[in-house]
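Scroll down for the structure; my scribbles are underneath it.
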Amino acid sequence: MKGLASILGILVLSGGVTLAGPLELSFGGGLGAVSLTSFNGIIDSWNGVLDELNEYSLVDPEVSGSVRNLAKLSTGLTFQAAEWYWILDWLALGARFEYETATTATSGAYVGGETSVVNISLEYQTIGILAAARVAILDIGVRLSADVGLGYYRGTLDHAVIFQVPSEYPKALSGIPPEGSDRHAGGTVGFAAQLALDVPVMSGFRLGAAVGYRTAMIGTLTNEAGAALDLDGDEILDEANVSAISVRLAISLDIDLSLDGEKEQEL
Amino acid sequence: MKGARLCLLLGAALLVGSVGGCIEFGVTQPQALFTASPAGHVIPFTASFDGTLSRKAGCDIVSYVWTFGDGGGATGPLVDHTYTADGIYEVTLTVIDESGASDCTAVTVDAENPVPTATFSYSPKSTMDGAYIIGASEWVTFDASASTDDSGITAYAWDFGNGDKASGAVVEYRYTYPGSYNVVLTVTDDDGDASSYTQLIEVIGNNPCGSGSGSSGGSCS
């Protein structure tokens with residue numbers, strides 16, 4: 001995987017030399033919705049445990065307090081930087097860097113004979129670097145383009161869990177989150193595609209929006225010691241489905257690399 | 001040129017469509033969750049298991065499958081199970097939703113071994129002023145066979161209160177000196193659990209050292 005990332009990096013750096021057409025740099029940011037189905041399933045389960053304890057604290061006069069549910073680890077900010085070399089007036093090759101983050105957290109306490117603390121935070125980040133191709137579907141000032149890419153995605157999950165069940169709780173409850181904090185990371189090859197619409201706002205600048213998605217599944221995330229992620233302690237390793245949909249606003253900068261200072265003609 | 005562009009677009013659309021079908025946004029597996037009450041008790045006892053905490057947003061759970069760790073099993077959201085043998089048991093619940101997706105979770109149930117009950121009787125004995133007495137130098141049979149345990153007692157340990165000790169379910173012993181002695185019987189079962197039973201024994205008679213009857217044990221100097 002690191003080799004693929006290196007090749008993509010070299011492609012990006014050497015692009016200006018190997019392709020002498022107009023260069024377009026694009027930067028964008030927006031909102032993303034990432035799948036992370038296994039993590040969100042675990043969050044569902046933990047919320048079930050919190051619901052049970054919250055209900056218990058309502059009926060037991062000796063215990064008070066409640067802890068709000070964790071939100072799904074599904075939406076967050078996404079950023080993207082890309083460079084395109086228009087080898088034809090309708091076809092560009094390039095590379096794209098993506099960054100996306102999603103976080104969720106909850107905290108609180110149940111107070112009885114002793115204070116039982118609950119403190120959970122999960123932060124997921126994805127970094128991707130892709131080789132991509134862009135096709136201009138329509139270019140009448142307003143430009144509609146579609147692009148596809150293939151590259152390497154690396155996901156990182158930082159998790160910290162403190163979960164103390166009130167000692168007064170009279171039953172055994174399954175699904176109690178295992179306590180601890182760690183960072184697990186892993187990578188995989190993924191596929192991405194997006195539709196972008198942009199308009200020139202001044203010479204060399206374009207403003208636009210893009211809707212994109214990717215599909216990638218990181219099978220195993222490991223910590224520094226090489227231990228695989230088992231967030232809920234059920235002895236089943238948790239994989240990260242980092243498939244995502246994103247909506248971004250983007251600014252594009254056109255740079256003319258041709259020697260005579262003019263865009264190359266269509267081949 | 002337009003033909004090439006169309007082919008490219010068509011290929012990209014097909015690729016997008018096929019890959020896009022693999023994305024599962026918002027689709028989650030069912031989550032198995034349950035309570036056990038009690039989670040630990042001396043056997044035999046019946047534990048109740050409640051799997052109705054299991055959840056699946058927008059989809060019904062159609063099957064609850066339980067294993068109780070002792071070979072037993074059951075189905076249904078609310079079940080009871082009686083444990084008759086001691087041990088640490090992992091109880092698992094597997095839930096299956098309408099789509100066939102499943103999830104499994106577990107808790108540990110501690111079925112505790114009952115401690116043995118120690119008791120003994122002794123004979124012969126006489127009654128004096130409403131209390132049982134035995135005579136010094138008289139052979140007395142101490143019988144612990146009425147002690148009980150669910151799986152059997154493996155050891156009987158006697159402490160006659162004067163430093164003398166013995167073992168066995170039935171032992172013969174005689175006190176040399178008159179006095180009051182706390183006889184302690186300790187029984188141990190095959191799980192290593194033990195319990196004790198103590199009786200105060202009054203021994204009367206002449207002190208062989210010539211000091212007459214006494215109220216406490218001793219030895220000739």
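In the structure tokens, chains take the letters A, B, ... in the order shown, each chain's residues start at 1, and ligands count up from 1 in the order shown.
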- Enumerate as a count of residues only the residues belonging to chain A that approach chain B to within 7 Å, with only C-alpha atoms taken into account. 14
- Surrounding residues of stretch 139-153 of chain A excluding itself and chain neighbours under 6 positions, 10 Å, only C-alpha atoms, as a VMD selection string: (chain A and resid 1 to 5 8 89 to 99 126 to 133 186 to 201 206 to 218 242) or (chain B and resid 9 12 to 13 15 to 16)
Do you have, as CSV, the list of residues of stretch 129-159 of chain B lying at most 8 Å from stretch 169-185 of chain B, each with its nearest atom pair and that distance in Å to one decimal, counting only C-alpha atoms and ordered by chain then number?
residue,atom,partner,partner_atom,distance
B:Gly135,CA,B:Pro178,CA,7.6
B:Ala136,CA,B:Tyr175,CA,5.3
B:Ser137,CA,B:Thr176,CA,5.0
B:Glu138,CA,B:Arg174,CA,5.3
B:Trp139,CA,B:Arg174,CA,4.5
B:Val140,CA,B:Tyr173,CA,5.3
B:Thr141,CA,B:Glu172,CA,4.6
B:Phe142,CA,B:Val171,CA,5.3
B:Asp143,CA,B:Val170,CA,4.5
B:Ala144,CA,B:Ala169,CA,5.0
B:Ser145,CA,B:Ala169,CA,5.7
B:Ala155,CA,B:Ala169,CA,7.9
B:Tyr156,CA,B:Ala169,CA,5.7
B:Ala157,CA,B:Leu185,CA,5.7
B:Trp158,CA,B:Leu185,CA,4.8
B:Asp159,CA,B:Val184,CA,5.0
Limited to N, CA and C atoms, could you put the picked residues into a file as a PDB file, in the first residue's frame?
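Result file follows (out.pdb):
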ATOM      1  N   GLY B 135     -17.515 -38.198  80.608  1.00  0.00           N
ATOM      2  CA  GLY B 135     -16.550 -38.428  81.659  1.00  0.00           C
ATOM      3  C   GLY B 135     -15.128 -38.406  81.146  1.00  0.00           C
ATOM      4  N   ALA B 136     -14.249 -37.890  81.988  1.00  0.00           N
ATOM      5  CA  ALA B 136     -12.828 -37.904  81.633  1.00  0.00           C
ATOM      6  C   ALA B 136     -12.360 -39.342  81.499  1.00  0.00           C
ATOM      7  N   SER B 137     -11.495 -39.567  80.575  1.00  0.00           N
ATOM      8  CA  SER B 137     -10.938 -40.879  80.268  1.00  0.00           C
ATOM      9  C   SER B 137     -11.961 -41.837  79.665  1.00  0.00           C
ATOM     10  N   GLU B 138     -13.106 -41.300  79.355  1.00  0.00           N
ATOM     11  CA  GLU B 138     -14.143 -42.134  78.741  1.00  0.00           C
ATOM     12  C   GLU B 138     -14.042 -42.022  77.220  1.00  0.00           C
ATOM     13  N   TRP B 139     -14.049 -43.131  76.554  1.00  0.00           N
ATOM     14  CA  TRP B 139     -13.999 -43.100  75.092  1.00  0.00           C
ATOM     15  C   TRP B 139     -15.337 -42.591  74.555  1.00  0.00           C
ATOM     16  N   VAL B 140     -15.233 -41.597  73.678  1.00  0.00           N
ATOM     17  CA  VAL B 140     -16.432 -40.978  73.094  1.00  0.00           C
ATOM     18  C   VAL B 140     -16.340 -41.079  71.574  1.00  0.00           C
ATOM     19  N   THR B 141     -17.477 -41.391  70.973  1.00  0.00           N
ATOM     20  CA  THR B 141     -17.522 -41.461  69.503  1.00  0.00           C
ATOM     21  C   THR B 141     -18.071 -40.132  68.954  1.00  0.00           C
ATOM     22  N   PHE B 142     -17.260 -39.481  68.149  1.00  0.00           N
ATOM     23  CA  PHE B 142     -17.694 -38.252  67.469  1.00  0.00           C
ATOM     24  C   PHE B 142     -18.073 -38.623  66.034  1.00  0.00           C
ATOM     25  N   ASP B 143     -19.298 -38.328  65.689  1.00  0.00           N
ATOM     26  CA  ASP B 143     -19.837 -38.768  64.387  1.00  0.00           C
ATOM     27  C   ASP B 143     -20.264 -37.554  63.547  1.00  0.00           C
ATOM     28  N   ALA B 144     -19.587 -37.341  62.428  1.00  0.00           N
ATOM     29  CA  ALA B 144     -19.896 -36.196  61.541  1.00  0.00           C
ATOM     30  C   ALA B 144     -20.632 -36.641  60.283  1.00  0.00           C
ATOM     31  N   SER B 145     -21.152 -37.846  60.295  1.00  0.00           N
ATOM     32  CA  SER B 145     -21.760 -38.362  59.050  1.00  0.00           C
ATOM     33  C   SER B 145     -23.052 -37.639  58.676  1.00  0.00           C
ATOM     34  N   ALA B 155     -13.252 -34.294  53.129  1.00  0.00           N
ATOM     35  CA  ALA B 155     -12.352 -34.271  54.292  1.00  0.00           C
ATOM     36  C   ALA B 155     -13.108 -33.807  55.536  1.00  0.00           C
ATOM     37  N   TYR B 156     -12.795 -34.479  56.650  1.00  0.00           N
ATOM     38  CA  TYR B 156     -13.346 -34.120  57.959  1.00  0.00           C
ATOM     39  C   TYR B 156     -12.143 -33.847  58.862  1.00  0.00           C
ATOM     40  N   ALA B 157     -12.104 -32.674  59.448  1.00  0.00           N
ATOM     41  CA  ALA B 157     -10.977 -32.343  60.337  1.00  0.00           C
ATOM     42  C   ALA B 157     -11.534 -31.965  61.714  1.00  0.00           C
ATOM     43  N   TRP B 158     -10.990 -32.608  62.730  1.00  0.00           N
ATOM     44  CA  TRP B 158     -11.462 -32.397  64.097  1.00  0.00           C
ATOM     45  C   TRP B 158     -10.399 -31.647  64.889  1.00  0.00           C
ATOM     46  N   ASP B 159     -10.885 -30.726  65.714  1.00  0.00           N
ATOM     47  CA  ASP B 159     -10.020 -30.045  66.676  1.00  0.00           C
ATOM     48  C   ASP B 159     -10.743 -30.158  68.021  1.00  0.00           C
TER      49      ASP B 159
END
- Task: Please provide as a VMD selection string all residues within 7 Å of B:Thr84, with the sequence filter that same-chain residues fewer than 5 positions apart are discarded (counting only C-alpha atoms).
- Result: chain B and resid 43 to 45
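Counting only C-alpha atoms and comparing A:Ile176, A:Val49, A:Val63, A:Leu36, the residue that lies closest to A:Asp238 is A:Leu36.
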- Compile the contact shell of B:Ile134 as a PyMOL selection string: residues with an atom at most 7 Å away, counting only C-alpha atoms, same-chain residues fewer than 6 positions apart removed. chain B and resi 125-126+202-204
- Item | strand (DSSP E or B) call set, DSSP backbone run, stretch 32-203 of chain B, as a ChimeraX atom specification | /B:35-37,40-42,45-50,55,61-67,73-75,78-83,87-97,102-112,117,121-123,126-128,131-135,140-143,148,153-159,165-167,170-173,179-189,194-203
- Task: Tell me which protein, DNA and RNA residues are within 9 Å of A:Gly180, counting only C-alpha atoms, leaving out same-chain ones fewer than 2 positions away, and put them as number ranges by chain.
- Result: A: 159-162, 178, 182
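In terms of minimum interatomic distance to A:Ala71, A:Leu122 ranks closest within A:Ala136, A:Leu122, A:Val111, A:Leu253, counting only C-alpha atoms.
When atom CA of A:Gly108 is paired with atom CA of A:Ser167, their separation reads 15.9 Å.
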- Task: Taking the chain letters and numbering used in this document, name the residues of stretch 15-230 of chain A that DSSP puts in helix (DSSP H, G or I), as a PyMOL selection string.
- Result: chain A and resi 15-18+37-59
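Neighbouring residues of B:Gly71 at 12 Å or closer, counting only C-alpha atoms and skipping chain neighbours under 4 positions away, are Trp66, Thr67, His81, Thr82, Tyr83, Thr84, Ala85, Tyr89, Glu90, Val91 and Thr92 of chain B.
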Take the selection from the previous step and output its residues with C-alpha atoms, as a PDB file, in the first residue's frame.
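Generated file (selection-v9.pdb):
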ATOM      1  CA  TRP B  66     -29.926 -18.549  23.570  1.00  0.00           C
ATOM      2  CA  THR B  67     -27.202 -20.848  24.760  1.00  0.00           C
ATOM      3  CA  HIS B  81     -32.896 -21.257  32.820  1.00  0.00           C
ATOM      4  CA  THR B  82     -32.086 -23.296  35.898  1.00  0.00           C
ATOM      5  CA  TYR B  83     -28.478 -24.055  36.750  1.00  0.00           C
ATOM      6  CA  THR B  84     -27.949 -27.200  38.779  1.00  0.00           C
ATOM      7  CA  ALA B  85     -24.184 -27.609  38.516  1.00  0.00           C
ATOM      8  CA  TYR B  89     -21.087 -20.209  32.286  1.00  0.00           C
ATOM      9  CA  GLU B  90     -21.054 -17.956  29.237  1.00  0.00           C
ATOM     10  CA  VAL B  91     -24.588 -17.188  28.182  1.00  0.00           C
ATOM     11  CA  THR B  92     -24.908 -16.048  24.588  1.00  0.00           C
TER      12      THR B  92
END
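With atom CA of A:Tyr169 on one side and atom CA of A:Ser121 on the other, the separation reads 23.8 Å.
Among B:Ser151, B:Asn162, B:Thr94, B:Thr186, the residue with the shortest atom-to-atom distance to B:Ala118, counting only C-alpha atoms, is B:Thr186.
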